[in-house]
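Report on one structure; see the data block that follows.
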Amino acid sequence: VSNEGEKEDPMAVESVADTVALTNSKDDSASLDTTDTLAFPSISTADFQFDHEKASDIIVEKVEEYISKLRNARLVLVDLTHKSKILSLVKSKAAQRNINPEKFSTFVGDITCLYSKGGMRCNVIANAANWRLKPGGGGVNAAIFSAAGPSLEVATKERANTLAPGKAAVIPVPADSPLFIREGVTHVIHVVGPNMNPQRPNCLKNNYDEGCKILREAYSSLFEGFVSILK
Ligand code: AR6
C-alpha cells in the first residue's frame, strides 16, 4: 500500500514574476495563438527519482522522433523553477541537436495556470500520474487534480481505472472544470512513468535497462495520445 496522498509537494511554486519562457521569447501574439500545444512535465524525475541525465536524453530523443508527426503542433516541457536541472539539461541537449525551437521549447511555470499566469495557451497538458489514477500524492498529479476540480477524476474513471507504467490515457476535460474554463485546456493526458523510489509501488530498484525502456514507452504513449487528438 502506498502512502500517496499524504506527501507534500517537494517544490514550491515560484512567484508569477519568474514565469518566463526559457528558450524562445515570444511576443504578445503568442497568447492569441491557437496552435495545438502539449505542455508536459518531466515524467518520473521528482517523486519517482529517475536519473536526470538519462531522462533528459530520452526526452530529447522522443521529442526529435515525434516532432515530424506533429504537423503544426508544438511541445513544451514545463517545470516550476528556473533552478530546474531537467529543464537546463533538456534545453542544452535540444540546442545541440538543433531541434526547432518553434516546435519544442521549455517553460518555467505551474502547468495548471500556464495561460492565466504565464500567458501561454496549451490546449493539452500531461500529468505524471500514479498507477491508480488517484488525485493527491504531491507533485504535478496533485496540482492538476486539484486545479481541475472533482469532474476530472470522474472523467478519468470513466475511461480507465488503473494505468501501467509506460502507458498513457487521454481524458477530455469536462466543460465545468476551471482547467477548461480558465486555462483553455481541453485534454489531460495521464502518463505513468518508471519508478525508482522504494517508497512507491512498482519500484525498479535501480534497474535502468528496464527503467529507460519504460520511460521511452511513456513518452511514446504520451506523444501518440497527443497526435491522436490533433485537429
Ligand atoms: N507544474 C509544472 N511542473 C511541476 C508541477 C507543476 N504544478 N509540480 C511538479 N512539477 P512529480 P514523478 C514537476 O514528482 O516523478 C505523485 O505522487 C516536477 O518538478 O510530479 O513522475 C504521483 O501521484 C518534476 O520536474 O512526478 C506519482 O505517484 C515533474 O513535474 C508520482 O508523484 C514530475 O515530478 C510521480 O512521480
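Chain labels run A, B, ... following the order of the C-alpha cells; each chain numbers its residues from 1, and ligands are numbered from 1 in the order shown.
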Practice task
Using only C-alpha atoms and all ligand atoms, determine which residues fall within 7 Å of ligand 1, then list them as a ChimeraX atom specification.
Solution key: /A:4,11,41-49,78-80,86,109-112,128-130,134-144,192-193,200
Residues from the last selection, N, CA and C atoms, saved as a CSV table (one decimal), in the first residue's frame:
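This is the output file result-v8.csv:
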```csv
chain,number,residue,atom,x,y,z
A,4,GLU,N,0.6,7.5,-1.0
A,4,GLU,CA,0.2,8.6,-1.8
A,4,GLU,C,-1.0,9.4,-1.2
A,11,MET,N,8.4,20.8,-4.2
A,11,MET,CA,8.9,22.0,-4.8
A,11,MET,C,7.8,23.1,-4.6
A,41,PRO,N,5.2,17.8,-18.1
A,41,PRO,CA,6.3,17.8,-17.1
A,41,PRO,C,7.3,16.7,-17.4
A,42,SER,N,8.4,16.8,-16.8
A,42,SER,CA,9.4,15.7,-16.9
A,42,SER,C,8.9,14.5,-16.1
A,43,ILE,N,8.5,13.4,-16.8
A,43,ILE,CA,8.0,12.2,-16.2
A,43,ILE,C,9.0,11.5,-15.3
A,44,SER,N,8.7,11.2,-14.1
A,44,SER,CA,9.4,10.3,-13.2
A,44,SER,C,10.7,11.0,-12.5
A,45,THR,N,11.0,12.2,-12.8
A,45,THR,CA,12.2,12.8,-12.3
A,45,THR,C,12.2,13.5,-10.9
A,46,ALA,N,11.0,13.5,-10.3
A,46,ALA,CA,11.0,14.1,-8.9
A,46,ALA,C,10.6,13.0,-8.0
A,47,ASP,N,9.3,12.8,-7.7
A,47,ASP,CA,8.9,11.8,-6.7
A,47,ASP,C,9.4,10.4,-7.1
A,48,PHE,N,9.5,10.1,-8.4
A,48,PHE,CA,9.9,8.7,-8.8
A,48,PHE,C,11.4,8.6,-9.0
A,49,GLN,N,12.1,9.7,-8.7
A,49,GLN,CA,13.6,9.6,-8.5
A,49,GLN,C,14.4,9.1,-9.7
A,78,VAL,N,7.7,21.7,-19.2
A,78,VAL,CA,7.4,22.7,-18.2
A,78,VAL,C,8.0,22.2,-16.8
A,79,ASP,N,8.6,23.1,-16.1
A,79,ASP,CA,8.9,22.8,-14.7
A,79,ASP,C,8.7,24.1,-13.9
A,80,LEU,N,8.7,23.9,-12.6
A,80,LEU,CA,8.3,25.0,-11.7
A,80,LEU,C,9.3,26.1,-11.5
A,86,ILE,N,16.4,19.5,-14.8
A,86,ILE,CA,16.0,18.7,-16.0
A,86,ILE,C,15.7,19.7,-17.1
A,109,GLY,N,7.0,27.5,-15.1
A,109,GLY,CA,5.7,27.9,-14.6
A,109,GLY,C,5.0,26.7,-14.1
A,110,ASP,N,3.8,27.0,-13.5
A,110,ASP,CA,2.9,25.9,-13.0
A,110,ASP,C,2.1,25.5,-14.1
A,111,ILE,N,2.1,24.2,-14.4
A,111,ILE,CA,1.4,23.6,-15.6
A,111,ILE,C,-0.2,23.8,-15.5
A,112,THR,N,-0.7,24.1,-14.3
A,112,THR,CA,-2.1,24.3,-14.1
A,112,THR,C,-2.5,25.7,-14.4
A,128,ALA,N,2.1,13.6,-14.7
A,128,ALA,CA,2.9,12.5,-14.3
A,128,ALA,C,2.1,11.8,-13.2
A,129,ALA,N,1.3,10.8,-13.6
A,129,ALA,CA,0.2,10.2,-12.7
A,129,ALA,C,0.8,9.0,-11.9
A,130,ASN,N,-0.1,8.5,-11.1
A,130,ASN,CA,0.2,7.2,-10.4
A,130,ASN,C,-0.7,6.1,-11.0
A,134,LYS,N,-5.2,8.3,-9.1
A,134,LYS,CA,-5.9,9.0,-8.0
A,134,LYS,C,-5.3,10.4,-7.8
A,135,PRO,N,-6.1,11.3,-7.4
A,135,PRO,CA,-5.6,12.6,-7.0
A,135,PRO,C,-4.7,12.5,-5.8
A,136,GLY,N,-4.0,13.6,-5.5
A,136,GLY,CA,-3.1,13.7,-4.4
A,136,GLY,C,-1.8,13.1,-4.7
A,137,GLY,N,-1.0,12.8,-3.6
A,137,GLY,CA,0.3,12.3,-3.8
A,137,GLY,C,1.4,13.3,-4.1
A,138,GLY,N,1.0,14.6,-4.1
A,138,GLY,CA,2.0,15.7,-4.3
A,138,GLY,C,2.4,15.8,-5.8
A,139,GLY,N,3.4,16.7,-6.0
A,139,GLY,CA,3.9,16.9,-7.4
A,139,GLY,C,2.8,17.4,-8.3
A,140,VAL,N,3.1,17.1,-9.6
A,140,VAL,CA,2.2,17.7,-10.6
A,140,VAL,C,0.8,17.0,-10.6
A,141,ASN,N,0.8,15.7,-10.2
A,141,ASN,CA,-0.5,15.0,-10.1
A,141,ASN,C,-1.5,15.7,-9.2
A,142,ALA,N,-1.0,16.0,-8.0
A,142,ALA,CA,-1.9,16.7,-7.0
A,142,ALA,C,-2.3,18.0,-7.5
A,143,ALA,N,-1.4,18.7,-8.2
A,143,ALA,CA,-1.7,20.1,-8.7
A,143,ALA,C,-2.7,20.1,-9.8
A,144,ILE,N,-2.6,19.1,-10.7
A,144,ILE,CA,-3.6,19.0,-11.8
A,144,ILE,C,-5.0,18.6,-11.3
A,192,VAL,N,2.0,7.3,-16.7
A,192,VAL,CA,2.7,6.7,-15.6
A,192,VAL,C,4.1,6.4,-16.0
A,193,GLY,N,5.1,6.9,-15.4
A,193,GLY,CA,6.5,6.6,-15.7
A,193,GLY,C,7.1,5.5,-14.8
A,200,ARG,N,7.5,3.9,-3.2
A,200,ARG,CA,6.3,4.0,-4.1
A,200,ARG,C,6.1,2.6,-4.7
```
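Excluding segment 216-222 of chain A and any residue on its chain fewer than 6 positions from it, the residues at most 8 Å away by only C-alpha atoms are Ile58, Ile59, Lys62, Ala126, Pro165, Gly166, Lys167, Ala168, Ile189, His190, Val191, Val192 and Gly193 of chain A.
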Exercise for the section: Rank nothing, just name the residue among A:Thr35, A:Thr156, A:Ser88, A:Asn197 nearest to His52 of chain A, using only C-alpha atoms. Expected result: A:Ser88
Problem - Closest of A:Val90, A:Leu114, A:Val124, A:Ala164 to Ile214 of chain A - atom-to-atom distances counting only C-alpha atoms - result: A:Ala164
Problem - Expected answer as a PyMOL selection string: alpha helix (DSSP H) residues in segment 118-183 of chain A - result: chain A and resi 139-148+150-159+178-183
Problem - Test item: residues at most 9 Å from Val60 of chain A, only C-alpha atoms, excluding those fewer than 2 positions along its chain, as an MDAnalysis selection string - result: chainID A and resid 55:58 62:65 90:91 93:94 97 99
Exercise for the section: Report the residues of segment 31-182 of chain A whose backbone DSSP state falls under strand (DSSP E), written as a ChimeraX atom specification. Expected result: /A:37-41,74-79,104-108,124-128,168-172
Exercise for the section: Write out as a list of chain:residue names each polymer residue whose atoms come within 6 Å of Lys205 of chain A, counting only C-alpha atoms; drop sequence neighbours fewer than 2 positions from it. Expected result: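 Final neighbour list, sorted by chain and number: A:Met196, A:Cys203, A:Asn207.
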Exercise for the section: Kindly indicate which residue among A:Ser116, A:Ser146, A:Asn100, A:Ser177 lies nearest to Ile67 of chain A, using only C-alpha atoms for the distances. Expected result: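 Using only C-alpha atoms, the shortest distance to Ile67 of chain A belongs to A:Asn100.
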Handout entry: Counting only C-alpha atoms, the residue of A:Phe107, A:Trp131, A:Phe180, A:Phe50 that sits nearest Asn206 of chain A
Key =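 Looking only at the distances to Asn206 of chain A, the closest residue turns out to be A:Phe50.
Distances from A:Val227, A:Val170, A:Val108, A:Val154 to Leu77 of chain A were compared using only C-alpha atoms, and the smallest one belongs to A:Val108.
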Fill in the blank from the handout: Across A:Cys122, A:Lys54, A:Asn202, A:Tyr115, the smallest distance to Ala73 of chain A, with only C-alpha atoms counted, is shown by A:Cys122
Practice task
Record the distance separating atom CA of Leu152 of chain A and atom CA of Cys113 of chain A, expressed in Å with one decimal.
Solution key: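 According to the coordinates, atom CA of Leu152 of chain A and atom CA of Cys113 of chain A are separated by 15.9 Å.
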Handout entry: Residues within 10 Å of Ser151 of chain A, only C-alpha atoms, excluding chain neighbours under 3 positions, as a PyMOL selection string
Key = chain A and resi 145+148+154-157+173-178
Take the residues from that selection and put them in a file with N, CA and C atoms, as a tab-separated table (two decimals), in the first residue's frame.
```tsv
chain	number	residue	atom	x	y	z
A	145	PHE	N	-5.04	17.57	-10.48
A	145	PHE	CA	-6.36	17.14	-9.99
A	145	PHE	C	-7.00	18.24	-9.14
A	148	ALA	N	-8.17	21.08	-11.45
A	148	ALA	CA	-9.25	20.67	-12.35
A	148	ALA	C	-10.59	20.53	-11.65
A	154	VAL	N	-13.79	12.09	-12.14
A	154	VAL	CA	-14.93	11.34	-12.68
A	154	VAL	C	-14.66	10.99	-14.14
A	155	ALA	N	-14.24	11.98	-14.93
A	155	ALA	CA	-13.96	11.74	-16.35
A	155	ALA	C	-12.83	10.73	-16.54
A	156	THR	N	-11.85	10.77	-15.65
A	156	THR	CA	-10.74	9.81	-15.72
A	156	THR	C	-11.25	8.40	-15.48
A	157	LYS	N	-12.04	8.24	-14.41
A	157	LYS	CA	-12.52	6.90	-14.04
A	157	LYS	C	-13.47	6.31	-15.08
A	173	VAL	N	-11.24	17.14	-20.90
A	173	VAL	CA	-11.51	17.89	-19.67
A	173	VAL	C	-12.97	18.36	-19.68
A	174	PRO	N	-13.75	18.02	-18.62
A	174	PRO	CA	-15.15	18.44	-18.59
A	174	PRO	C	-15.29	19.96	-18.67
A	175	ALA	N	-16.37	20.40	-19.33
A	175	ALA	CA	-16.56	21.83	-19.60
A	175	ALA	C	-16.77	22.65	-18.33
A	176	ASP	N	-17.07	22.00	-17.20
A	176	ASP	CA	-17.25	22.76	-15.95
A	176	ASP	C	-15.95	22.89	-15.16
A	177	SER	N	-14.89	22.32	-15.67
A	177	SER	CA	-13.62	22.36	-14.92
A	177	SER	C	-12.92	23.70	-15.11
A	178	PRO	N	-12.37	24.27	-14.02
A	178	PRO	CA	-11.59	25.51	-14.15
A	178	PRO	C	-10.41	25.38	-15.13
```
Problem - Distance of atom CA of Ser228 of chain A from atom CA of Gly119 of chain A, expressed in Å to one decimal place - result: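 One can read the atom CA of Gly119 of chain A to atom CA of Ser228 of chain A distance as 25.6 Å.
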